[in-house]
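**Student:** Encoded as structure tokens, here's the structure I'll be asking about.
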There are 2 protein chains.
Amino acid sequence: MNKPVTIKDIARKFRCSPSTVSRALNNHPSINEDTRRNLQEYAQKVGYQRNQVSLNLLNTKTASIGVIVPTINNYYESAIIEGIDAVLHPLGYTLNICVTNEQYLLESEYVTKLLSNRVEGIFLSVSQETYDFGHYEHLENVGKRNLPLIFIDRDYEGFSAGSVTIDDYHGAFAAVEHLISTGRKRIAHLKGPNGMAVTEQRFKGYTECLTKYGLPVEEKLIINTNFKVESALEPTAQLLQLEQRPDAIFGVNDQVAIGAMKVIREKGWRVPEDIAVVGFDNSPISAYISPSLTSVARPGRQIGEEAARIFLNYPEAAAKKDNPVHIVLPSQLIVRDSSGKSK
Amino acid sequence: MNKPVTIKDIARKFRCSPSTVSRALNNHPSINEDTRRNLQEYAQKVGYQRNQVSLNLLNTKTASIGVIVPTINNYYESAIIEGIDAVLHPLGYTLNICVTNEQYLLESEYVTKLLSNRVEGIFLSVSQETYDFGHYEHLENVGKRNLPLIFIDRDYEGFSAGSVTIDDYHGAFAAVEHLISTGRKRIAHLKGPNGMAVTEQRFKGYTECLTKYGLPVEEKLIINTNFKVESALEPTAQLLQLEQRPDAIFGVNDQVAIGAMKVIREKGWRVPEDIAVVGFDNSPISAYISPSLTSVARPGRQIGEEAARIFLNYPEAAAKKDNPVHIVLPSQLIVRDSSGKSK
DNA sequence: ATGTGGCTTGCAAACGTTTGAAATTTTTTG
DNA sequence: CAAAAAATTTCAAACGTTTGCAAGCCACAT
């Protein structure tokens, strides 16, 4: 591992000043044609790479953006990142992706690190622990700096910042309404962890839709999961053992919906004839499993793009600090086989 | 967006020198107790964050590592990243994740950017385009710097660097052997894009296993895909229309295997009774779809961990530069329902 | 009074680069 | 040939921080 070649090294070699080398490499017009060519050739030969660190220091800016997400291992999150990158990369920004694994400690550590590395903005999808704990001290210094902070996917009201979320409420509402329209009367809900905005919004959509159509909200039909496919197995088995078993299950995401389907079939029931299943996320796989899964689509990529645009307009957005930009994108129900007509 | 508070700002405020502030904030023993407390309190109050950029410059090191991958939107890749982080994060390294989207141009751009940002090592999972083009000029400067470079997942022989890959060959061999053991005689292969190491190694495992058991390798039974689930649909339909239709399909990954299953069922055949299906990746979902998918597991997390360890031992590894470290991890067949007994 | 030692603080250089202004060299012009 | 103009190069400062060394101050012993 050699020391990188610096402009000074080159200057020494050519018995000229660093300024000359710098200007030559940057094609500054006031540099002699021969000098320029010689220096450039030599720099190329020895593999000179401009030291961006020193430039960042000199210019007190970095053209880099922090993106903190709980996980990257799924379609939705990575679509968001893709969306941010699609808007910001062409403008020369670099993304600094941090994965918190749903841990508050890591999230806090990353915020500090990003601040310390002088990123010019932070996109934050709050971790589950942060949500549970409900304390946001780790964002205090972001506030003091008045650094652009945009909440993604999971909003936090207590902090004056931009946010882009999706309309979980209406997505869930539409899903349940659809189930009712196919004649289902006892619709169970595999809920996410309590307290998270996503979870509660979808839950609200579920209950309010039931109420609107005169169906009772039964506690027995609502069970928590942790979003993972495994966490749906036991709850689904429970639901199937009820005296009055449900005729439909609305999963908080596709994973639990798929887990539910597995259990339903293992117990000898059919999807959708005996029990309809609807998920949330419209993950790519949902169209290809059997039966294909009805699901609510979240426009992940678009979320990223909108968030990036908020960032780019931040000076204005910050001006009206008391009234930060909140964008809520619509979600869309995609009907497939798992919610077909009941028998 | 305020300017960050600097040590100089604090020094001015307290009419002392920057050195004093620096030492106070770093708990240097030679600083007066009162001075230290006052300065620390003030720094805390105004949200001072040490400028890591200047430190990186001063120390000519960054404790950051570049990780370049074609995609993050899948289980395997993100497990690799997780593995790298698990080893390197506790040692204070920061990961700089770059997603190339399988494009050479982006890969090249990211290599330059990382070099310029003075990362201390690069983990590279070569993009598909790079593989296709087969030119590696973008790595030249990495070589000149003799910067630790570790190939992940996809090896490249032409470059003297460490690598961690998995044993695609034996994984594929085991999968096909398993199919043969359940009585299958006409085993089709949904192959990946030609030329990629992963693709060709699995293909080799497939053909050599057939040969070993005296089965013919039939061109008609081998069709290319691009790893995506959609790309398996048309090829599978083709296979089913053959006069002598296959009794098993070995997919280059789980995605195409799932796509194949869908088409098989749509055409009225049963899995596994009429046609067995085996995938590759052991993605989490494969256990939960119906029928559950037999698949070859790749130890993504372990790949990341091993790669990180190579990096940490790099000084030694570099010494024997003519003979860099190549680690090949075993893959493991996970048998599930999709490859059950034929009728 | 003077020197000794301990405690505390300041000075200056360093990391690599850019850039306005000044200095030097070369070319042109009268 | 001298002076002015143009071309080219160098100087010095700046970005924010750390750190070896020098320096200041105070108390105490001689």
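The way I read the labels, and the way they are meant: chains A, B, ... in the order of the structure tokens, residue 1 as the first residue of every chain, and ligand 1 as the first ligand shown, with later ones counted on from there.
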I'd like the neighbourhood of A:Ala188 as a ChimeraX atom specification, where a residue qualifies if any of its atoms comes within 7 Å (using only C-alpha atoms (C1' of nucleotides)), though same-chain residues fewer than 4 positions away should be ignored.
**Tutor:** /A:221-222,246,248-250
**Student:** Convert the current residue selection to file output with N, CA and C atoms, as a PDB file, in the first residue's frame.
**Tutor:**
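Here's the written file part08.pdb:
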ATOM      1  N   LEU A 221     -59.053 -11.129  16.189  1.00  0.00           N
ATOM      2  CA  LEU A 221     -58.623 -11.232  14.793  1.00  0.00           C
ATOM      3  C   LEU A 221     -57.410 -10.357  14.490  1.00  0.00           C
ATOM      4  N   ILE A 222     -56.872  -9.742  15.524  1.00  0.00           N
ATOM      5  CA  ILE A 222     -55.737  -8.841  15.314  1.00  0.00           C
ATOM      6  C   ILE A 222     -54.533  -9.345  16.103  1.00  0.00           C
ATOM      7  N   PRO A 246     -61.476 -16.760  10.521  1.00  0.00           N
ATOM      8  CA  PRO A 246     -61.619 -15.649   9.567  1.00  0.00           C
ATOM      9  C   PRO A 246     -61.758 -16.177   8.140  1.00  0.00           C
ATOM     10  N   ALA A 248     -60.684 -14.082   5.714  1.00  0.00           N
ATOM     11  CA  ALA A 248     -59.678 -13.284   5.001  1.00  0.00           C
ATOM     12  C   ALA A 248     -58.615 -12.824   5.985  1.00  0.00           C
ATOM     13  N   ILE A 249     -57.394 -12.658   5.481  1.00  0.00           N
ATOM     14  CA  ILE A 249     -56.312 -12.139   6.313  1.00  0.00           C
ATOM     15  C   ILE A 249     -55.632 -11.003   5.576  1.00  0.00           C
ATOM     16  N   PHE A 250     -55.534  -9.875   6.280  1.00  0.00           N
ATOM     17  CA  PHE A 250     -54.822  -8.724   5.717  1.00  0.00           C
ATOM     18  C   PHE A 250     -53.485  -8.615   6.442  1.00  0.00           C
TER      19      PHE A 250
END
**Student:** Find the residues in chain B near chain D: any atom within 7 Å counts, using only C-alpha atoms (C1' of nucleotides). Write them as a list of chain:residue names.
**Tutor:**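 Here is what falls inside 7 Å: B:Asn51, B:Ser54, B:Leu55.
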**Student:** Superposition of chain B onto chain A by least squares over all sequentially paired C-alpha atoms; the transformed chain is requested as a tab-separated table (two decimals) with C-alpha atoms, in the first residue's frame.
**Tutor:**
chain	number	residue	atom	x	y	z
B	1	MET	CA	0.01	-0.01	0.02
B	2	ASN	CA	1.97	2.97	-1.31
B	3	LYS	CA	1.43	6.55	-0.30
B	4	PRO	CA	-0.67	8.29	-2.90
B	5	VAL	CA	1.27	10.63	-5.19
B	6	THR	CA	0.63	14.27	-4.34
B	7	ILE	CA	0.88	17.44	-6.29
B	8	LYS	CA	3.91	18.31	-4.22
B	9	ASP	CA	5.65	15.13	-5.27
B	10	ILE	CA	5.14	16.03	-8.89
B	11	ALA	CA	6.25	19.61	-8.30
B	12	ARG	CA	9.46	18.43	-6.68
B	13	LYS	CA	10.14	16.07	-9.54
B	14	PHE	CA	9.69	18.84	-12.08
B	15	ARG	CA	11.31	21.57	-9.99
B	16	CYS	CA	8.28	23.75	-10.19
B	17	SER	CA	5.72	24.96	-7.71
B	18	PRO	CA	2.63	23.06	-6.61
B	19	SER	CA	0.51	25.87	-8.03
B	20	THR	CA	1.83	25.17	-11.49
B	21	VAL	CA	1.10	21.49	-11.19
B	22	SER	CA	-2.37	22.19	-9.89
B	23	ARG	CA	-3.15	24.56	-12.72
B	24	ALA	CA	-1.67	22.25	-15.31
B	25	LEU	CA	-3.80	19.37	-14.17
B	26	ASN	CA	-6.87	21.58	-14.16
B	27	ASN	CA	-6.18	22.91	-17.63
B	28	HIS	CA	-5.80	26.44	-16.42
B	29	PRO	CA	-5.26	28.69	-19.49
B	30	SER	CA	-2.24	30.50	-18.11
B	31	ILE	CA	-0.07	27.39	-18.20
B	32	ASN	CA	2.40	26.80	-20.97
B	33	GLU	CA	1.26	24.16	-23.40
B	34	ASP	CA	4.38	22.02	-23.04
B	35	THR	CA	4.44	22.28	-19.29
B	36	ARG	CA	0.83	21.23	-19.16
B	37	ARG	CA	1.36	18.23	-21.37
B	38	ASN	CA	4.44	17.03	-19.54
B	39	LEU	CA	2.84	17.35	-16.17
B	40	GLN	CA	-0.38	15.70	-17.26
B	41	GLU	CA	1.46	12.82	-18.83
B	42	TYR	CA	3.57	12.28	-15.78
B	43	ALA	CA	0.56	12.50	-13.47
B	44	GLN	CA	-1.23	9.95	-15.57
B	45	LYS	CA	1.79	7.68	-15.57
B	46	VAL	CA	2.24	7.61	-11.83
B	47	GLY	CA	-1.50	7.32	-11.24
B	48	TYR	CA	-2.04	10.64	-9.59
B	49	GLN	CA	-5.52	10.99	-8.09
B	50	ARG	CA	-6.53	14.36	-6.75
B	51	ASN	CA	-7.04	14.18	-3.01
B	52	GLN	CA	-10.70	14.87	-2.51
B	53	VAL	CA	-10.29	15.06	1.24
B	54	SER	CA	-8.13	18.14	1.03
B	55	LEU	CA	-10.55	19.70	-1.42
B	56	ASN	CA	-13.46	19.06	0.87
B	57	LEU	CA	-11.59	20.80	3.62
B	58	LEU	CA	-10.58	23.70	1.46
B	59	ASN	CA	-14.06	24.29	0.12
B	60	THR	CA	-15.82	23.40	3.35
B	61	LYS	CA	-18.20	21.27	1.40
B	62	THR	CA	-18.33	17.66	0.44
B	63	ALA	CA	-21.15	17.12	-2.05
B	64	SER	CA	-22.11	14.08	-0.07
B	65	ILE	CA	-25.39	13.10	1.49
B	66	GLY	CA	-26.11	10.75	4.35
B	67	VAL	CA	-28.82	8.14	3.90
B	68	ILE	CA	-29.75	6.22	7.01
B	69	VAL	CA	-32.08	3.26	6.64
B	70	PRO	CA	-33.04	0.38	8.92
B	71	THR	CA	-32.24	-2.21	6.29
B	72	ILE	CA	-31.27	-2.49	2.65
B	73	ASN	CA	-32.24	-6.07	2.23
B	74	ASN	CA	-35.56	-5.49	0.60
B	75	TYR	CA	-37.17	-4.18	-2.44
B	76	TYR	CA	-38.77	-1.14	-0.95
B	77	GLU	CA	-35.80	0.34	0.88
B	78	SER	CA	-33.45	-0.17	-2.00
B	79	ALA	CA	-35.94	1.40	-4.37
B	80	ILE	CA	-35.92	4.49	-2.16
B	81	ILE	CA	-32.15	4.68	-2.29
B	82	GLU	CA	-32.29	4.22	-6.04
B	83	GLY	CA	-34.73	7.11	-6.27
B	84	ILE	CA	-32.54	9.44	-4.24
B	85	ASP	CA	-29.50	8.51	-6.26
B	86	ALA	CA	-31.34	8.96	-9.54
B	87	VAL	CA	-31.95	12.62	-8.73
B	88	LEU	CA	-28.78	13.49	-6.85
B	89	HIS	CA	-26.09	11.54	-8.66
B	90	PRO	CA	-26.36	13.56	-11.89
B	91	LEU	CA	-25.79	16.66	-9.79
B	92	GLY	CA	-22.54	15.29	-8.47
B	93	TYR	CA	-23.65	14.20	-5.03
B	94	THR	CA	-22.35	11.07	-3.42
B	95	LEU	CA	-24.57	8.95	-1.22
B	96	ASN	CA	-23.34	7.75	2.12
B	97	ILE	CA	-25.52	4.77	2.92
B	98	CYS	CA	-25.82	3.68	6.54
B	99	VAL	CA	-27.75	0.63	7.70
B	100	THR	CA	-28.99	0.72	11.28
B	101	ASN	CA	-30.46	-2.73	11.49
B	102	GLU	CA	-33.35	-1.10	13.37
B	103	GLN	CA	-31.03	-0.15	16.26
B	104	TYR	CA	-31.14	3.21	17.95
B	105	LEU	CA	-27.52	3.08	18.98
B	106	LEU	CA	-26.29	2.59	15.45
B	107	GLU	CA	-28.64	5.24	14.16
B	108	SER	CA	-27.31	7.71	16.65
B	109	GLU	CA	-23.73	6.78	15.91
B	110	TYR	CA	-24.28	7.22	12.19
B	111	VAL	CA	-25.89	10.62	12.62
B	112	THR	CA	-22.84	11.80	14.54
B	113	LYS	CA	-20.48	10.31	12.01
B	114	LEU	CA	-22.26	11.94	9.10
B	115	LEU	CA	-22.32	15.29	10.83
B	116	SER	CA	-18.64	14.91	11.57
B	117	ASN	CA	-17.97	14.07	7.96
B	118	ARG	CA	-19.78	17.23	6.94
B	119	VAL	CA	-22.46	15.74	4.75
B	120	GLU	CA	-24.74	18.35	3.28
B	121	GLY	CA	-28.00	16.66	4.13
B	122	ILE	CA	-29.41	13.62	5.85
B	123	PHE	CA	-32.20	11.35	4.69
B	124	LEU	CA	-33.45	9.37	7.63
B	125	SER	CA	-35.75	6.42	7.82
B	126	VAL	CA	-36.09	6.09	11.57
B	127	SER	CA	-35.23	2.72	13.08
B	128	GLN	CA	-37.78	0.68	14.97
B	129	GLU	CA	-35.96	1.11	18.26
B	130	THR	CA	-35.89	4.86	17.85
B	131	TYR	CA	-39.59	4.71	17.32
B	132	ASP	CA	-40.11	2.57	20.38
B	133	PHE	CA	-37.92	4.69	22.62
B	134	GLY	CA	-39.36	7.83	21.16
B	135	HIS	CA	-36.36	9.99	21.94
B	136	TYR	CA	-34.67	12.01	19.32
B	137	GLU	CA	-31.67	13.51	21.12
B	138	HIS	CA	-29.38	12.19	18.46
B	139	LEU	CA	-30.93	14.66	16.06
B	140	GLU	CA	-30.31	17.70	18.25
B	141	ASN	CA	-27.07	18.63	16.58
B	142	VAL	CA	-28.65	18.26	13.19
B	143	GLY	CA	-31.13	20.85	14.35
B	144	LYS	CA	-28.45	23.16	15.70
B	145	ARG	CA	-26.64	23.02	12.39
B	146	ASN	CA	-29.96	23.49	10.65
B	147	LEU	CA	-28.77	20.84	8.27
B	148	PRO	CA	-31.33	19.61	5.74
B	149	LEU	CA	-33.01	16.61	7.31
B	150	ILE	CA	-35.67	14.68	5.48
B	151	PHE	CA	-37.64	11.89	7.06
B	152	ILE	CA	-38.30	9.04	4.75
B	153	ASP	CA	-41.05	6.54	5.05
B	154	ARG	CA	-41.46	7.02	8.75
B	155	ASP	CA	-42.32	10.51	9.82
B	156	TYR	CA	-41.59	12.10	13.16
B	157	GLU	CA	-43.81	14.98	14.11
B	158	GLY	CA	-41.65	16.25	16.94
B	159	PHE	CA	-38.99	17.53	14.61
B	160	SER	CA	-39.28	20.35	12.20
B	161	ALA	CA	-38.08	18.76	9.01
B	162	GLY	CA	-39.30	17.69	5.64
B	163	SER	CA	-40.76	14.25	5.15
B	164	VAL	CA	-41.96	11.93	2.43
B	165	THR	CA	-44.22	9.11	3.43
B	166	ILE	CA	-46.84	7.03	1.75
B	167	ASP	CA	-50.49	6.91	2.43
B	168	ASP	CA	-50.57	3.76	4.49
B	169	TYR	CA	-54.00	4.56	5.77
B	170	HIS	CA	-55.78	4.65	2.46
B	171	GLY	CA	-53.76	1.73	1.14
B	172	ALA	CA	-54.93	-0.43	3.99
B	173	PHE	CA	-58.43	0.91	3.67
B	174	ALA	CA	-58.53	-0.02	0.00
B	175	ALA	CA	-57.21	-3.49	0.70
B	176	VAL	CA	-59.87	-4.20	3.29
B	177	GLU	CA	-62.59	-2.62	1.20
B	178	HIS	CA	-61.58	-4.91	-1.63
B	179	LEU	CA	-61.84	-7.95	0.61
B	180	ILE	CA	-65.29	-6.86	1.72
B	181	SER	CA	-66.33	-6.39	-1.88
B	182	THR	CA	-65.48	-10.02	-2.59
B	183	GLY	CA	-67.88	-11.05	0.13
B	184	ARG	CA	-65.57	-11.53	3.11
B	185	LYS	CA	-67.06	-10.85	6.51
B	186	ARG	CA	-64.44	-11.91	9.03
B	187	ILE	CA	-61.24	-10.22	8.10
B	188	ALA	CA	-58.24	-10.81	10.32
B	189	HIS	CA	-55.20	-8.54	10.49
B	190	LEU	CA	-51.62	-9.58	11.02
B	191	LYS	CA	-50.43	-6.31	12.46
B	192	GLY	CA	-46.87	-4.96	12.68
B	193	PRO	CA	-45.16	-4.04	15.94
B	194	ASN	CA	-47.26	-1.65	17.97
B	195	GLY	CA	-46.34	2.00	18.01
B	196	MET	CA	-44.74	2.32	14.61
B	197	ALA	CA	-46.40	4.79	12.31
B	198	VAL	CA	-46.58	2.35	9.41
B	199	THR	CA	-48.18	-0.24	11.61
B	200	GLU	CA	-50.70	2.07	13.20
B	201	GLN	CA	-51.72	3.81	10.01
B	202	ARG	CA	-52.44	0.51	8.31
B	203	PHE	CA	-54.24	-0.66	11.37
B	204	LYS	CA	-56.35	2.44	11.36
B	205	GLY	CA	-57.23	1.92	7.72
B	206	TYR	CA	-58.23	-1.62	8.60
B	207	THR	CA	-60.48	-0.78	11.53
B	208	GLU	CA	-62.11	2.25	9.99
B	209	CYS	CA	-62.95	0.38	6.85
B	210	LEU	CA	-64.55	-2.42	8.83
B	211	THR	CA	-66.54	0.12	10.78
B	212	LYS	CA	-67.64	1.93	7.67
B	213	TYR	CA	-69.15	-1.29	6.34
B	214	GLY	CA	-70.78	-2.20	9.59
B	215	LEU	CA	-68.40	-5.03	10.42
B	216	PRO	CA	-67.20	-5.49	14.01
B	217	VAL	CA	-63.56	-5.00	14.94
B	218	GLU	CA	-62.71	-8.17	16.83
B	219	GLU	CA	-59.67	-8.29	19.04
B	220	LYS	CA	-59.24	-11.96	18.44
B	221	LEU	CA	-58.68	-11.30	14.76
B	222	ILE	CA	-55.77	-8.91	15.32
B	223	ILE	CA	-52.33	-10.33	16.11
B	224	ASN	CA	-48.91	-8.69	16.12
B	225	THR	CA	-45.97	-9.73	13.98
B	226	ASN	CA	-42.51	-8.25	13.46
B	227	PHE	CA	-42.77	-7.97	9.67
B	228	LYS	CA	-40.81	-11.15	9.15
B	229	VAL	CA	-42.27	-14.17	7.47
B	230	GLU	CA	-41.61	-16.44	10.45
B	231	SER	CA	-43.51	-14.18	12.76
B	232	ALA	CA	-46.70	-14.87	10.82
B	233	LEU	CA	-46.71	-18.63	11.27
B	234	GLU	CA	-47.87	-19.02	14.87
B	235	PRO	CA	-50.40	-16.16	14.69
B	236	THR	CA	-51.97	-17.60	11.55
B	237	ALA	CA	-52.23	-21.03	13.16
B	238	GLN	CA	-53.99	-19.33	16.05
B	239	LEU	CA	-56.46	-17.64	13.75
B	240	LEU	CA	-57.29	-20.92	12.05
B	241	GLN	CA	-58.12	-22.54	15.36
B	242	LEU	CA	-60.73	-19.96	16.25
B	243	GLU	CA	-64.23	-21.30	16.55
B	244	GLN	CA	-65.28	-18.78	13.95
B	245	ARG	CA	-62.29	-18.76	11.69
B	246	PRO	CA	-61.63	-15.71	9.52
B	247	ASP	CA	-62.43	-15.80	5.80
B	248	ALA	CA	-59.69	-13.33	4.95
B	249	ILE	CA	-56.32	-12.18	6.29
B	250	PHE	CA	-54.82	-8.76	5.71
B	251	GLY	CA	-51.09	-8.84	6.33
B	252	VAL	CA	-49.11	-5.76	7.29
B	253	ASN	CA	-46.67	-6.66	4.52
B	254	ASP	CA	-46.08	-9.30	1.86
B	255	GLN	CA	-43.76	-11.33	4.03
B	256	VAL	CA	-46.36	-12.05	6.68
B	257	ALA	CA	-49.01	-12.56	4.00
B	258	ILE	CA	-46.83	-15.22	2.41
B	259	GLY	CA	-46.22	-16.81	5.79
B	260	ALA	CA	-49.96	-16.85	6.38
B	261	MET	CA	-50.64	-18.48	3.03
B	262	LYS	CA	-48.20	-21.23	3.81
B	263	VAL	CA	-49.87	-22.07	7.12
B	264	ILE	CA	-53.35	-21.88	5.63
B	265	ARG	CA	-52.48	-24.44	3.01
B	266	GLU	CA	-50.66	-26.67	5.43
B	267	LYS	CA	-53.80	-26.84	7.52
B	268	GLY	CA	-55.74	-27.94	4.49
B	269	TRP	CA	-57.56	-24.77	3.53
B	270	ARG	CA	-57.49	-23.14	0.15
B	271	VAL	CA	-56.45	-19.62	-0.84
B	272	PRO	CA	-58.52	-17.74	-1.89
B	273	GLU	CA	-61.55	-20.02	-1.84
B	274	ASP	CA	-61.61	-20.59	1.90
B	275	ILE	CA	-59.48	-17.71	3.05
B	276	ALA	CA	-58.40	-14.71	1.04
B	277	VAL	CA	-55.02	-13.10	1.70
B	278	VAL	CA	-53.81	-9.59	0.97
B	279	GLY	CA	-50.34	-8.20	1.59
B	280	PHE	CA	-48.63	-4.83	1.49
B	281	ASP	CA	-45.53	-3.78	-0.50
B	282	ASN	CA	-46.14	-5.37	-3.86
B	283	SER	CA	-42.72	-6.96	-3.71
B	284	PRO	CA	-41.63	-8.32	-7.08
B	285	ILE	CA	-42.10	-11.89	-6.02
B	286	SER	CA	-45.77	-11.41	-5.15
B	287	ALA	CA	-46.81	-11.66	-8.77
B	288	TYR	CA	-45.05	-14.98	-9.26
B	289	ILE	CA	-45.96	-17.08	-6.30
B	290	SER	CA	-49.00	-19.27	-6.40
B	291	PRO	CA	-51.61	-18.06	-5.94
B	292	SER	CA	-50.28	-14.67	-6.88
B	293	LEU	CA	-50.61	-12.24	-4.03
B	294	THR	CA	-52.92	-9.25	-3.97
B	295	SER	CA	-50.94	-6.42	-2.45
B	296	VAL	CA	-50.75	-2.68	-1.89
B	297	ALA	CA	-47.94	-1.10	-3.90
B	298	ARG	CA	-45.67	1.50	-2.32
B	299	PRO	CA	-43.85	3.76	-4.75
B	300	GLY	CA	-40.42	3.41	-3.18
B	301	ARG	CA	-38.46	4.92	-6.00
B	302	GLN	CA	-40.78	7.90	-6.12
B	303	ILE	CA	-40.35	8.46	-2.41
B	304	GLY	CA	-36.63	8.71	-2.92
B	305	GLU	CA	-37.04	11.11	-5.80
B	306	GLU	CA	-39.40	13.38	-3.92
B	307	ALA	CA	-37.15	13.39	-0.89
B	308	ALA	CA	-34.22	14.38	-3.06
B	309	ARG	CA	-36.24	17.22	-4.51
B	310	ILE	CA	-37.14	18.49	-1.07
B	311	PHE	CA	-33.44	18.50	-0.30
B	312	LEU	CA	-32.64	20.48	-3.41
B	313	ASN	CA	-35.26	23.07	-2.52
B	314	TYR	CA	-34.16	23.15	1.05
B	315	PRO	CA	-33.21	26.81	1.34
B	316	GLU	CA	-36.81	27.73	0.62
B	317	ALA	CA	-38.23	24.94	2.68
B	318	ALA	CA	-36.11	26.03	5.61
B	319	ALA	CA	-37.38	29.56	5.31
B	320	LYS	CA	-40.82	28.42	6.28
B	321	LYS	CA	-39.37	26.37	9.05
B	322	ASP	CA	-42.52	26.34	11.10
B	323	ASN	CA	-44.26	24.74	8.21
B	324	PRO	CA	-41.94	22.15	6.71
B	325	VAL	CA	-42.75	20.21	3.58
B	326	HIS	CA	-44.62	16.97	4.12
B	327	ILE	CA	-45.34	14.89	1.07
B	328	VAL	CA	-47.65	11.93	1.26
B	329	LEU	CA	-47.61	9.68	-1.77
B	330	PRO	CA	-50.56	7.48	-2.64
B	331	SER	CA	-50.37	3.73	-2.40
B	332	GLN	CA	-52.16	1.51	-4.86
B	333	LEU	CA	-53.95	-1.78	-4.51
B	334	ILE	CA	-52.86	-4.45	-6.98
B	335	VAL	CA	-55.46	-7.18	-7.18
B	336	ARG	CA	-54.25	-10.70	-7.93
B	337	ASP	CA	-55.42	-14.23	-7.29
B	338	SER	CA	-55.02	-14.56	-3.53
B	339	SER	CA	-58.11	-12.45	-2.98
B	340	GLY	CA	-60.34	-13.99	-5.64
B	341	LYS	CA	-63.98	-14.80	-5.11
B	342	SER	CA	-64.81	-16.97	-2.15
B	343	LYS	CA	-66.33	-20.37	-2.84
**Student:** Running DSSP on the backbone, which parts of stretch 133-295 of chain A land in alpha helix (DSSP H), as a VMD selection string?
**Tutor:** chain A and resid 133 140 to 145 168 to 181 197 to 212 233 to 241 254 to 266
**Student:** Restricted to C-alpha atoms, what would the selected residues look like written as a JSON list (two decimals), in the first residue's frame?
**Tutor:**
[["chain", "number", "residue", "atom", "x", "y", "z"],
["A", 133, "PHE", "CA", -37.89, 4.62, 22.61],
["A", 140, "GLU", "CA", -30.34, 17.64, 18.23],
["A", 141, "ASN", "CA", -27.09, 18.58, 16.57],
["A", 142, "VAL", "CA", -28.67, 18.20, 13.18],
["A", 143, "GLY", "CA", -31.15, 20.78, 14.33],
["A", 144, "LYS", "CA", -28.47, 23.10, 15.67],
["A", 145, "ARG", "CA", -26.68, 22.97, 12.37],
["A", 168, "ASP", "CA", -50.56, 3.77, 4.44],
["A", 169, "TYR", "CA", -53.98, 4.58, 5.73],
["A", 170, "HIS", "CA", -55.76, 4.66, 2.41],
["A", 171, "GLY", "CA", -53.75, 1.74, 1.10],
["A", 172, "ALA", "CA", -54.92, -0.42, 3.96],
["A", 173, "PHE", "CA", -58.41, 0.94, 3.65],
["A", 174, "ALA", "CA", -58.54, 0.01, -0.02],
["A", 175, "ALA", "CA", -57.21, -3.47, 0.70],
["A", 176, "VAL", "CA", -59.88, -4.18, 3.29],
["A", 177, "GLU", "CA", -62.58, -2.58, 1.20],
["A", 178, "HIS", "CA", -61.59, -4.88, -1.63],
["A", 179, "LEU", "CA", -61.85, -7.92, 0.63],
["A", 180, "ILE", "CA", -65.30, -6.83, 1.75],
["A", 181, "SER", "CA", -66.34, -6.37, -1.85],
["A", 197, "ALA", "CA", -46.36, 4.84, 12.24],
["A", 198, "VAL", "CA", -46.55, 2.38, 9.34],
["A", 199, "THR", "CA", -48.15, -0.18, 11.57],
["A", 200, "GLU", "CA", -50.65, 2.13, 13.14],
["A", 201, "GLN", "CA", -51.68, 3.85, 9.95],
["A", 202, "ARG", "CA", -52.40, 0.55, 8.28],
["A", 203, "PHE", "CA", -54.21, -0.61, 11.35],
["A", 204, "LYS", "CA", -56.31, 2.51, 11.32],
["A", 205, "GLY", "CA", -57.18, 1.96, 7.68],
["A", 206, "TYR", "CA", -58.19, -1.58, 8.59],
["A", 207, "THR", "CA", -60.43, -0.72, 11.52],
["A", 208, "GLU", "CA", -62.06, 2.32, 9.97],
["A", 209, "CYS", "CA", -62.90, 0.43, 6.83],
["A", 210, "LEU", "CA", -64.51, -2.35, 8.84],
["A", 211, "THR", "CA", -66.50, 0.19, 10.78],
["A", 212, "LYS", "CA", -67.60, 2.00, 7.67],
["A", 233, "LEU", "CA", -46.71, -18.59, 11.28],
["A", 234, "GLU", "CA", -47.85, -18.95, 14.86],
["A", 235, "PRO", "CA", -50.38, -16.10, 14.70],
["A", 236, "THR", "CA", -51.94, -17.55, 11.58],
["A", 237, "ALA", "CA", -52.23, -20.97, 13.19],
["A", 238, "GLN", "CA", -53.97, -19.27, 16.09],
["A", 239, "LEU", "CA", -56.43, -17.57, 13.79],
["A", 240, "LEU", "CA", -57.26, -20.87, 12.12],
["A", 241, "GLN", "CA", -58.08, -22.46, 15.43],
["A", 254, "ASP", "CA", -46.09, -9.29, 1.85],
["A", 255, "GLN", "CA", -43.78, -11.32, 4.02],
["A", 256, "VAL", "CA", -46.36, -12.05, 6.66],
["A", 257, "ALA", "CA", -49.01, -12.54, 4.00],
["A", 258, "ILE", "CA", -46.85, -15.21, 2.41],
["A", 259, "GLY", "CA", -46.24, -16.80, 5.79],
["A", 260, "ALA", "CA", -49.97, -16.82, 6.40],
["A", 261, "MET", "CA", -50.67, -18.48, 3.06],
["A", 262, "LYS", "CA", -48.22, -21.22, 3.86],
["A", 263, "VAL", "CA", -49.88, -22.04, 7.15],
["A", 264, "ILE", "CA", -53.37, -21.85, 5.69],
["A", 265, "ARG", "CA", -52.50, -24.42, 3.07],
["A", 266, "GLU", "CA", -50.67, -26.63, 5.50]]
